[in-house]
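> My structure is stored as coords.txt, with compact mmCIF, N, CA and C atoms.
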# COMPACT_ATOMS: atom_id res chain seq x y z
N MET A 1 121.35 90.91 81.07
CA MET A 1 120.59 90.14 82.05
C MET A 1 121.57 89.50 83.03
N PRO A 2 121.41 89.75 84.33
CA PRO A 2 122.39 89.26 85.30
C PRO A 2 122.41 87.74 85.50
N HIS A 3 121.35 87.06 85.12
CA HIS A 3 121.28 85.61 85.33
C HIS A 3 121.56 84.80 84.06
N LYS A 4 122.02 85.47 83.04
CA LYS A 4 122.28 84.83 81.75
C LYS A 4 123.28 83.69 81.93
N GLY A 5 122.92 82.50 81.42
CA GLY A 5 123.80 81.34 81.48
C GLY A 5 123.66 80.51 82.75
N LYS A 6 122.99 81.03 83.77
CA LYS A 6 122.80 80.27 85.01
C LYS A 6 121.62 79.32 84.84
N VAL A 7 121.62 78.26 85.65
CA VAL A 7 120.47 77.34 85.65
C VAL A 7 119.33 78.04 86.39
N ILE A 8 118.21 78.19 85.70
CA ILE A 8 117.04 78.87 86.25
C ILE A 8 115.89 77.88 86.35
N ALA A 9 115.27 77.84 87.54
CA ALA A 9 114.11 76.97 87.75
C ALA A 9 112.83 77.75 87.53
N GLY A 10 112.00 77.25 86.65
CA GLY A 10 110.65 77.77 86.48
C GLY A 10 109.70 76.78 87.13
N TYR A 11 108.49 76.71 86.67
CA TYR A 11 107.53 75.73 87.17
C TYR A 11 106.43 75.55 86.13
N MET A 12 105.77 74.42 86.22
CA MET A 12 104.63 74.16 85.36
C MET A 12 103.37 74.55 86.14
N PRO A 13 102.61 75.52 85.65
CA PRO A 13 101.49 76.04 86.43
C PRO A 13 100.40 75.00 86.67
N ILE A 14 99.83 75.08 87.88
CA ILE A 14 98.67 74.26 88.24
C ILE A 14 97.59 75.19 88.79
N ARG A 15 96.41 74.68 88.89
CA ARG A 15 95.27 75.43 89.41
C ARG A 15 95.16 76.77 88.70
N THR A 16 95.16 77.86 89.46
CA THR A 16 95.00 79.19 88.85
C THR A 16 96.30 79.98 88.87
N GLU A 17 97.45 79.30 88.97
CA GLU A 17 98.74 79.99 89.01
C GLU A 17 99.01 80.72 87.71
N ILE A 18 99.65 81.86 87.83
CA ILE A 18 100.10 82.61 86.66
C ILE A 18 101.13 81.75 85.92
N THR A 19 101.09 81.74 84.62
CA THR A 19 102.00 80.88 83.85
C THR A 19 103.33 81.58 83.57
N PRO A 20 104.44 80.93 83.93
CA PRO A 20 105.75 81.47 83.59
C PRO A 20 106.28 80.93 82.27
N LEU A 21 105.49 80.13 81.55
CA LEU A 21 105.99 79.45 80.35
C LEU A 21 106.55 80.39 79.28
N PRO A 22 105.92 81.53 78.97
CA PRO A 22 106.54 82.42 77.98
C PRO A 22 107.91 82.94 78.45
N ALA A 23 108.04 83.29 79.72
CA ALA A 23 109.32 83.75 80.26
C ALA A 23 110.35 82.62 80.23
N MET A 24 109.93 81.42 80.59
CA MET A 24 110.84 80.27 80.57
C MET A 24 111.35 80.00 79.16
N ALA A 25 110.45 80.07 78.18
CA ALA A 25 110.85 79.83 76.79
C ALA A 25 111.87 80.88 76.34
N ALA A 26 111.64 82.15 76.69
CA ALA A 26 112.57 83.21 76.32
C ALA A 26 113.92 83.01 77.02
N LEU A 27 113.90 82.68 78.31
CA LEU A 27 115.14 82.48 79.06
C LEU A 27 115.93 81.27 78.58
N SER A 28 115.25 80.29 77.99
CA SER A 28 115.94 79.08 77.55
C SER A 28 116.94 79.35 76.42
N ALA A 29 116.84 80.50 75.78
CA ALA A 29 117.80 80.86 74.73
C ALA A 29 119.16 81.21 75.33
N TRP A 30 119.21 81.52 76.63
CA TRP A 30 120.45 81.96 77.28
C TRP A 30 121.07 80.93 78.20
N GLY A 31 120.32 79.92 78.61
CA GLY A 31 120.87 78.93 79.53
C GLY A 31 119.83 77.89 79.90
N PRO A 32 120.25 76.91 80.69
CA PRO A 32 119.34 75.82 81.04
C PRO A 32 118.17 76.27 81.92
N ILE A 33 117.01 75.74 81.60
CA ILE A 33 115.80 75.95 82.40
C ILE A 33 115.41 74.59 82.97
N VAL A 34 115.04 74.57 84.25
CA VAL A 34 114.62 73.34 84.90
C VAL A 34 113.25 73.56 85.54
N VAL A 35 112.54 72.46 85.77
CA VAL A 35 111.24 72.51 86.44
C VAL A 35 111.27 71.54 87.62
N PRO A 36 110.48 71.83 88.66
CA PRO A 36 110.51 70.99 89.86
C PRO A 36 109.89 69.62 89.63
N VAL A 37 110.49 68.65 90.31
CA VAL A 37 109.97 67.29 90.33
C VAL A 37 109.85 66.88 91.79
N ILE A 38 108.66 66.52 92.22
CA ILE A 38 108.45 66.07 93.60
C ILE A 38 108.83 64.60 93.67
N GLN A 39 109.79 64.29 94.54
CA GLN A 39 110.22 62.90 94.70
C GLN A 39 109.40 62.19 95.77
N ALA A 40 109.11 62.90 96.88
CA ALA A 40 108.32 62.32 97.97
C ALA A 40 107.90 63.43 98.92
N ALA A 41 106.82 63.20 99.66
CA ALA A 41 106.37 64.17 100.66
C ALA A 41 107.49 64.36 101.69
N GLY A 42 107.67 65.59 102.15
CA GLY A 42 108.67 65.87 103.16
C GLY A 42 110.09 65.98 102.65
N GLN A 43 110.28 65.86 101.34
CA GLN A 43 111.62 65.92 100.74
C GLN A 43 111.76 67.19 99.91
N PRO A 44 113.00 67.67 99.73
CA PRO A 44 113.20 68.81 98.84
C PRO A 44 112.86 68.44 97.40
N LEU A 45 112.61 69.44 96.61
CA LEU A 45 112.36 69.24 95.19
C LEU A 45 113.68 68.92 94.48
N THR A 46 113.57 68.19 93.39
CA THR A 46 114.68 68.07 92.45
C THR A 46 114.23 68.81 91.20
N PHE A 47 115.16 69.10 90.30
CA PHE A 47 114.81 69.90 89.13
C PHE A 47 115.31 69.23 87.86
N ALA A 48 114.39 69.04 86.92
CA ALA A 48 114.71 68.38 85.65
C ALA A 48 114.77 69.41 84.53
N LYS A 49 115.72 69.23 83.62
CA LYS A 49 115.90 70.15 82.50
C LYS A 49 114.64 70.16 81.63
N TRP A 50 114.26 71.37 81.23
CA TRP A 50 113.06 71.60 80.42
C TRP A 50 113.44 72.43 79.21
N THR A 51 112.81 72.13 78.09
CA THR A 51 112.89 72.98 76.91
C THR A 51 111.46 73.16 76.40
N PRO A 52 111.21 74.21 75.63
CA PRO A 52 109.85 74.40 75.12
C PRO A 52 109.33 73.22 74.31
N ALA A 53 110.22 72.41 73.75
CA ALA A 53 109.79 71.30 72.90
C ALA A 53 109.85 69.94 73.59
N CYS A 54 110.26 69.88 74.86
CA CYS A 54 110.43 68.56 75.48
C CYS A 54 109.08 67.90 75.78
N GLU A 55 109.08 66.58 75.72
CA GLU A 55 107.88 65.82 76.03
C GLU A 55 107.62 65.86 77.52
N MET A 56 106.37 66.12 77.89
CA MET A 56 105.99 66.24 79.30
C MET A 56 104.99 65.14 79.65
N VAL A 57 105.04 64.71 80.92
CA VAL A 57 104.10 63.73 81.46
C VAL A 57 103.56 64.27 82.78
N GLU A 58 102.47 63.71 83.25
CA GLU A 58 101.89 64.18 84.51
C GLU A 58 102.74 63.72 85.68
N GLY A 59 103.01 64.67 86.59
CA GLY A 59 103.76 64.36 87.80
C GLY A 59 102.87 64.53 89.02
N ALA A 60 103.49 64.59 90.18
CA ALA A 60 102.76 64.75 91.44
C ALA A 60 101.97 66.06 91.44
N PHE A 61 100.83 66.07 92.10
CA PHE A 61 99.96 67.23 92.23
C PHE A 61 99.45 67.74 90.88
N GLY A 62 99.56 66.92 89.84
CA GLY A 62 99.06 67.29 88.52
C GLY A 62 99.98 68.20 87.72
N ALA A 63 101.14 68.54 88.27
CA ALA A 63 102.09 69.38 87.52
C ALA A 63 102.88 68.51 86.55
N ALA A 64 103.01 68.98 85.34
CA ALA A 64 103.75 68.24 84.31
C ALA A 64 105.25 68.24 84.62
N VAL A 65 105.90 67.14 84.25
CA VAL A 65 107.35 67.00 84.40
C VAL A 65 107.90 66.44 83.09
N PRO A 66 109.18 66.70 82.80
CA PRO A 66 109.74 66.12 81.57
C PRO A 66 109.67 64.59 81.58
N ALA A 67 109.38 64.01 80.42
CA ALA A 67 109.29 62.55 80.31
C ALA A 67 110.64 61.89 80.61
N THR A 68 111.71 62.53 80.22
CA THR A 68 113.06 62.07 80.51
C THR A 68 113.73 63.13 81.36
N CYS A 69 114.19 62.75 82.54
CA CYS A 69 114.72 63.74 83.48
C CYS A 69 116.25 63.77 83.49
N GLU A 70 116.78 64.94 83.19
CA GLU A 70 118.20 65.25 83.40
C GLU A 70 118.20 66.28 84.52
N TYR A 71 118.71 65.88 85.70
CA TYR A 71 118.62 66.74 86.88
C TYR A 71 119.78 67.73 86.96
N LEU A 72 119.42 68.98 87.27
CA LEU A 72 120.38 70.06 87.47
C LEU A 72 119.95 70.86 88.69
N GLU A 73 120.90 71.52 89.35
CA GLU A 73 120.55 72.38 90.49
C GLU A 73 120.51 73.83 90.03
N PRO A 74 119.41 74.51 90.31
CA PRO A 74 119.29 75.91 89.89
C PRO A 74 120.03 76.87 90.83
N GLU A 75 120.40 78.01 90.26
CA GLU A 75 120.96 79.12 91.04
C GLU A 75 119.93 80.23 91.22
N VAL A 76 118.90 80.17 90.38
CA VAL A 76 117.79 81.12 90.45
C VAL A 76 116.51 80.29 90.39
N VAL A 77 115.58 80.57 91.32
CA VAL A 77 114.35 79.79 91.39
C VAL A 77 113.16 80.74 91.27
N ILE A 78 112.32 80.50 90.27
CA ILE A 78 111.06 81.22 90.12
C ILE A 78 110.03 80.42 90.91
N VAL A 79 109.43 81.06 91.92
CA VAL A 79 108.61 80.36 92.90
C VAL A 79 107.12 80.69 92.74
N PRO A 80 106.28 79.67 92.56
CA PRO A 80 104.84 79.93 92.56
C PRO A 80 104.37 80.15 93.99
N LEU A 81 103.21 80.75 94.16
CA LEU A 81 102.73 81.00 95.51
C LEU A 81 101.24 81.26 95.52
N VAL A 82 100.67 81.20 96.72
CA VAL A 82 99.26 81.51 96.92
C VAL A 82 99.10 82.99 97.27
N ALA A 83 100.03 83.49 98.12
CA ALA A 83 100.00 84.89 98.54
C ALA A 83 101.42 85.34 98.87
N PHE A 84 101.63 86.66 98.83
CA PHE A 84 102.93 87.22 99.17
C PHE A 84 102.72 88.57 99.86
N ASP A 85 103.76 89.04 100.57
CA ASP A 85 103.72 90.38 101.12
C ASP A 85 104.95 91.15 100.63
N MET A 86 104.99 92.42 100.92
CA MET A 86 106.08 93.26 100.42
C MET A 86 107.33 93.19 101.31
N ALA A 87 107.37 92.24 102.23
CA ALA A 87 108.57 92.00 103.04
C ALA A 87 109.33 90.79 102.53
N GLY A 88 108.87 90.20 101.42
CA GLY A 88 109.56 89.04 100.86
C GLY A 88 109.07 87.71 101.40
N ASN A 89 107.93 87.71 102.05
CA ASN A 89 107.35 86.46 102.55
C ASN A 89 106.35 85.91 101.53
N ARG A 90 106.19 84.59 101.54
CA ARG A 90 105.23 83.96 100.63
C ARG A 90 104.45 82.90 101.38
N LEU A 91 103.28 82.63 100.89
CA LEU A 91 102.46 81.53 101.38
C LEU A 91 102.28 80.58 100.22
N GLY A 92 102.66 79.32 100.43
CA GLY A 92 102.52 78.30 99.39
C GLY A 92 101.32 77.43 99.67
N TYR A 93 101.37 76.22 99.15
CA TYR A 93 100.25 75.30 99.32
C TYR A 93 100.35 74.47 100.59
N GLY A 94 101.39 74.68 101.40
CA GLY A 94 101.47 74.02 102.69
C GLY A 94 102.35 72.80 102.76
N GLY A 95 102.95 72.37 101.67
CA GLY A 95 103.80 71.19 101.71
C GLY A 95 105.22 71.46 102.14
N GLY A 96 105.64 72.72 102.12
CA GLY A 96 107.00 73.08 102.52
C GLY A 96 108.07 72.72 101.51
N PHE A 97 107.67 72.31 100.31
CA PHE A 97 108.64 71.87 99.31
C PHE A 97 109.66 72.96 98.96
N TYR A 98 109.17 74.16 98.67
CA TYR A 98 110.09 75.23 98.27
C TYR A 98 110.95 75.69 99.43
N ASP A 99 110.41 75.74 100.64
CA ASP A 99 111.22 76.15 101.79
C ASP A 99 112.36 75.16 102.04
N ARG A 100 112.07 73.88 102.03
CA ARG A 100 113.13 72.86 102.21
C ARG A 100 114.16 72.94 101.08
N THR A 101 113.66 73.11 99.88
CA THR A 101 114.54 73.15 98.71
C THR A 101 115.46 74.36 98.76
N LEU A 102 114.89 75.54 98.99
CA LEU A 102 115.70 76.76 99.05
C LEU A 102 116.70 76.71 100.20
N GLU A 103 116.29 76.18 101.33
CA GLU A 103 117.22 76.05 102.45
C GLU A 103 118.43 75.21 102.05
N GLY A 104 118.19 74.08 101.40
CA GLY A 104 119.28 73.20 100.97
C GLY A 104 120.16 73.83 99.90
N LEU A 105 119.55 74.47 98.92
CA LEU A 105 120.31 75.12 97.86
C LEU A 105 121.15 76.27 98.42
N ARG A 106 120.56 77.07 99.30
CA ARG A 106 121.26 78.22 99.87
C ARG A 106 122.38 77.81 100.82
N ALA A 107 122.31 76.61 101.37
CA ALA A 107 123.38 76.11 102.22
C ALA A 107 124.63 75.78 101.39
N LYS A 108 124.43 75.51 100.09
CA LYS A 108 125.53 75.15 99.20
C LYS A 108 126.17 76.36 98.52
N ARG A 109 125.32 77.32 98.12
CA ARG A 109 125.80 78.50 97.38
C ARG A 109 124.67 79.53 97.35
N PRO A 110 125.02 80.78 97.01
CA PRO A 110 123.95 81.78 96.90
C PRO A 110 122.91 81.34 95.87
N THR A 111 121.66 81.37 96.27
CA THR A 111 120.55 80.99 95.39
C THR A 111 119.46 82.04 95.55
N LEU A 112 119.04 82.61 94.43
CA LEU A 112 118.01 83.64 94.44
C LEU A 112 116.63 83.03 94.22
N ALA A 113 115.63 83.58 94.90
CA ALA A 113 114.25 83.12 94.75
C ALA A 113 113.37 84.32 94.42
N TYR A 114 112.68 84.22 93.30
CA TYR A 114 111.77 85.27 92.87
C TYR A 114 110.35 84.73 92.82
N GLY A 115 109.45 85.36 93.56
CA GLY A 115 108.05 84.98 93.49
C GLY A 115 107.47 85.41 92.16
N TYR A 116 106.47 84.67 91.69
CA TYR A 116 105.83 84.97 90.41
C TYR A 116 104.35 84.79 90.62
N ALA A 117 103.60 85.89 90.56
CA ALA A 117 102.17 85.81 90.87
C ALA A 117 101.44 87.03 90.32
N TYR A 118 100.14 87.02 90.47
CA TYR A 118 99.33 88.19 90.13
C TYR A 118 99.40 89.19 91.28
N GLU A 119 99.35 90.47 90.95
CA GLU A 119 99.36 91.54 91.96
C GLU A 119 98.26 91.34 93.00
N ALA A 120 97.12 90.82 92.57
CA ALA A 120 95.98 90.61 93.48
C ALA A 120 96.28 89.59 94.58
N GLN A 121 97.37 88.85 94.45
CA GLN A 121 97.75 87.87 95.47
C GLN A 121 98.54 88.49 96.62
N GLN A 122 98.83 89.79 96.53
CA GLN A 122 99.52 90.46 97.62
C GLN A 122 98.59 90.53 98.82
N ALA A 123 99.13 90.25 100.00
CA ALA A 123 98.33 90.24 101.23
C ALA A 123 99.18 90.76 102.38
N GLU A 124 98.54 91.01 103.49
CA GLU A 124 99.23 91.40 104.72
C GLU A 124 98.91 90.38 105.79
N GLY A 125 99.79 90.29 106.79
CA GLY A 125 99.55 89.41 107.92
C GLY A 125 99.68 87.93 107.59
N LEU A 126 100.60 87.58 106.70
CA LEU A 126 100.80 86.16 106.37
C LEU A 126 101.35 85.41 107.58
N PRO A 127 100.91 84.17 107.78
CA PRO A 127 101.46 83.38 108.89
C PRO A 127 102.87 82.91 108.54
N ILE A 128 103.87 83.48 109.20
CA ILE A 128 105.26 83.20 108.90
C ILE A 128 105.83 82.22 109.92
N GLU A 129 106.51 81.20 109.42
CA GLU A 129 107.16 80.18 110.26
C GLU A 129 108.67 80.41 110.25
N PRO A 130 109.38 79.96 111.29
CA PRO A 130 110.85 80.12 111.31
C PRO A 130 111.55 79.42 110.15
N THR A 131 110.94 78.39 109.58
CA THR A 131 111.55 77.64 108.48
C THR A 131 111.27 78.25 107.10
N ASP A 132 110.43 79.28 107.04
CA ASP A 132 110.09 79.91 105.76
C ASP A 132 111.32 80.59 105.17
N GLN A 133 111.55 80.37 103.89
CA GLN A 133 112.65 80.99 103.17
C GLN A 133 112.15 82.26 102.48
N PRO A 134 112.86 83.37 102.66
CA PRO A 134 112.40 84.63 102.07
C PRO A 134 112.64 84.69 100.56
N LEU A 135 111.83 85.50 99.91
CA LEU A 135 112.01 85.79 98.50
C LEU A 135 113.02 86.92 98.35
N ASP A 136 113.74 86.93 97.23
CA ASP A 136 114.66 88.02 96.92
C ASP A 136 113.98 89.09 96.07
N GLY A 137 112.86 88.73 95.48
CA GLY A 137 112.12 89.67 94.66
C GLY A 137 110.76 89.09 94.30
N MET A 138 109.94 89.94 93.71
CA MET A 138 108.59 89.53 93.32
C MET A 138 108.32 90.07 91.93
N VAL A 139 107.76 89.20 91.08
CA VAL A 139 107.38 89.59 89.72
C VAL A 139 105.87 89.43 89.60
N THR A 140 105.21 90.50 89.20
CA THR A 140 103.76 90.46 88.93
C THR A 140 103.53 91.09 87.56
N GLU A 141 102.28 91.09 87.14
CA GLU A 141 101.95 91.70 85.86
C GLU A 141 102.21 93.22 85.88
N ASN A 142 102.39 93.79 87.07
CA ASN A 142 102.63 95.23 87.19
C ASN A 142 104.10 95.60 87.30
N GLY A 143 104.99 94.61 87.40
CA GLY A 143 106.39 94.94 87.47
C GLY A 143 107.19 94.04 88.40
N ILE A 144 108.42 94.45 88.66
CA ILE A 144 109.36 93.69 89.48
C ILE A 144 109.71 94.49 90.72
N THR A 145 109.68 93.84 91.88
CA THR A 145 110.08 94.45 93.13
C THR A 145 111.19 93.59 93.72
N LEU A 146 112.31 94.22 94.07
CA LEU A 146 113.40 93.50 94.74
C LEU A 146 113.33 93.79 96.22
N PHE A 147 113.62 92.76 97.02
CA PHE A 147 113.58 92.93 98.49
C PHE A 147 114.99 93.02 99.05
Could you spell out this file's structure in structure tokens?


Amino acid sequence: MPHKGKVIAGYMPIRTEITPLPAMAALSAWGPIVVPVIQAAGQPLTFAKWTPACEMVEGAFGAAVPATCEYLEPEVVIVPLVAFDMAGNRLGYGGGFYDRTLEGLRAKRPTLAYGYAYEAQQAEGLPIEPTDQPLDGMVTENGITLF
């Protein structure tokens, strides 16, 4: 596995998002897993260390966060989304959290972003903004596509 030992960011699913929890639990055997923590509107995300057994509490937007936060910066980010296209674009919930976060992380060092969604969320003609950060790959129930 090329990302073995690197800090990998997953997420705690909300609404109807596909759950990455089984993948996160498996990956935690090889290195640190972190989950996003929203500090404030208009700010990048921070990431708190997560383990399958850690105590979780409700955070912003109803997403669970670790009760005790040890912050780490990921090198690989698993990104939730509303829709994606096969050019590596994604549509999120409109807060810009992941775009700001990826821009900041990528300014420091190479950071990979993989979308994680159901195949049915693939769309065409997504509204793309100049500030949107591209995905490096997409994972669905049907497989993995690298861009």

> For CA of Leu21 in chain A and atom N of Asp136 in chain A, quote the distance in Å rounded to one decimal.

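Atom-to-atom, CA of Leu21 in chain A and atom N of Asp136 in chain A are spaced 20.0 Å apart.
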
> Record the distance separating atom C of Glu124 in chain A and atom N of Val82 in chain A, expressed in Å with one decimal.

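These atoms are spaced 13.0 Å apart.
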
> Suppose you want the space between CA of Trp30 in chain A and atom N of Ala9 in chain A; what is it in Å?

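About the pair CA of Trp30 in chain A and atom N of Ala9 in chain A: they are 12.2 Å apart.
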
> Kindly indicate which residue among A:Gly10, A:Pro22, A:Gly42, A:Pro52 lies nearest to Gly94 in chain A, using only C-alpha atoms for the distances.

A:Gly42

> Near range 97-99 of chain A, within 7 Å and counting only N, CA and C atoms, which residues show up once chain neighbours fewer than 5 positions away are dropped, as a short mmCIF file (atom, residue, chain, number, x, y, z; two decimals) with N, CA and C atoms, in the coordinates of the input?


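Writing done, so here's result-v3.cif:
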data_model
loop_
_atom_site.label_atom_id
_atom_site.label_comp_id
_atom_site.auth_asym_id
_atom_site.auth_seq_id
_atom_site.Cartn_x
_atom_site.Cartn_y
_atom_site.Cartn_z
N GLY A 42 107.67 65.59 102.15
CA GLY A 42 108.67 65.87 103.16
C GLY A 42 110.09 65.98 102.65
N GLN A 43 110.28 65.86 101.34
CA GLN A 43 111.62 65.92 100.74
C GLN A 43 111.76 67.19 99.91
N PRO A 44 113.00 67.67 99.73
CA PRO A 44 113.20 68.81 98.84
C PRO A 44 112.86 68.44 97.40
N LEU A 45 112.61 69.44 96.61
CA LEU A 45 112.36 69.24 95.19
C LEU A 45 113.68 68.92 94.48
N GLY A 104 118.19 74.08 101.40
CA GLY A 104 119.28 73.20 100.97
C GLY A 104 120.16 73.83 99.90
N THR A 131 110.94 78.39 109.58
CA THR A 131 111.55 77.64 108.48
C THR A 131 111.27 78.25 107.10
N ASP A 132 110.43 79.28 107.04
CA ASP A 132 110.09 79.91 105.76
C ASP A 132 111.32 80.59 105.17
N GLN A 133 111.55 80.37 103.89
CA GLN A 133 112.65 80.99 103.17
C GLN A 133 112.15 82.26 102.48
#

> Env of Trp50 in chain A: 8 Å cut, atoms = only N, CA and C atoms, seq-sep filter 6 positions within chain, self excluded. Answer as JSON, numbers by chain.

{"A": [24, 28, 32, 33, 34, 35, 65, 66, 69, 70]}

> (99.4, 89.6, 90.0) in this file's frame - what residues fall within 10 Å of it? Use only C-alpha atoms and give the answer as an MDAnalysis selection string.

chainID A and resid 17:18 83 116:122 138:143

> Determine which residues of chain A DSSP labels as strand (DSSP E or B) from the backbone of this structure, then write them out as an NGL selection string.

:A and (8-9 or 33-37 or 46-50 or 56-58 or 64-66 or 71 or 76-79 or 83-84 or 90-91 or 112-116 or 122 or 137-140 or 143-146)

> List the spatial neighbours of Val57 in chain A as a PyMOL selection string - criterion: any atom at most 8 Å away, all atoms listed in the file, same-chain residues fewer than 5 positions off excluded.

chain A and resi 62-68

> Can you report as AutoDock Vina command-line options the centre and edge lengths in Å, to one decimal, of an axis-aligned box around the listed atoms of range 2-15 of chain A padded with 8 Å on each side?


--center_x 109.5 --center_y 82.0 --center_z 85.4 --size_x 44.6 --size_y 31.6 --size_z 24.0

> Residues within 8 Å of Pro74 in chain A, please, as a list in words. Count only C-alpha atoms; anything in the same chain fewer than 3 positions from it doesn't count.

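Everything that qualifies: Lys6, Val7, Ile8, Ala9, Val34, Phe47, Val77 and Thr111 of chain A.
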
> Using DSSP on the backbone coordinates, identify the residues of chain A assigned to helix (DSSP H, G or I); present them as a ChimeraX atom specification.

/A:21-27,60-62,97-108,119-121

> Which one is closest to Glu75 in chain A: A:Pro36, A:Gly88, A:Gly96, A:Gly5? Count only C-alpha atoms.

A:Gly5

> Restricting the calculation to all atoms listed in the file: of A:Ala60, A:Leu72, A:Ala23, A:Leu105, which residue gets closest to Thr46 in chain A?

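Ranking A:Ala60, A:Leu72, A:Ala23, A:Leu105 by distance to Thr46 in chain A, first place goes to A:Leu72.
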
> Nearest to Ala25 in chain A: which of A:Thr51, A:Met12, A:Lys4, A:Asp85 is it, counting only N, CA and C atoms?

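Answer, going by the shortest atom-to-atom distance: A:Thr51.
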
> With distances taken over all atoms listed in the file, which of A:Thr16, A:Gly95, A:Arg106, A:His3 is nearest to Gly31 in chain A?

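Using all atoms listed in the file, the shortest distance to Gly31 in chain A belongs to A:His3.
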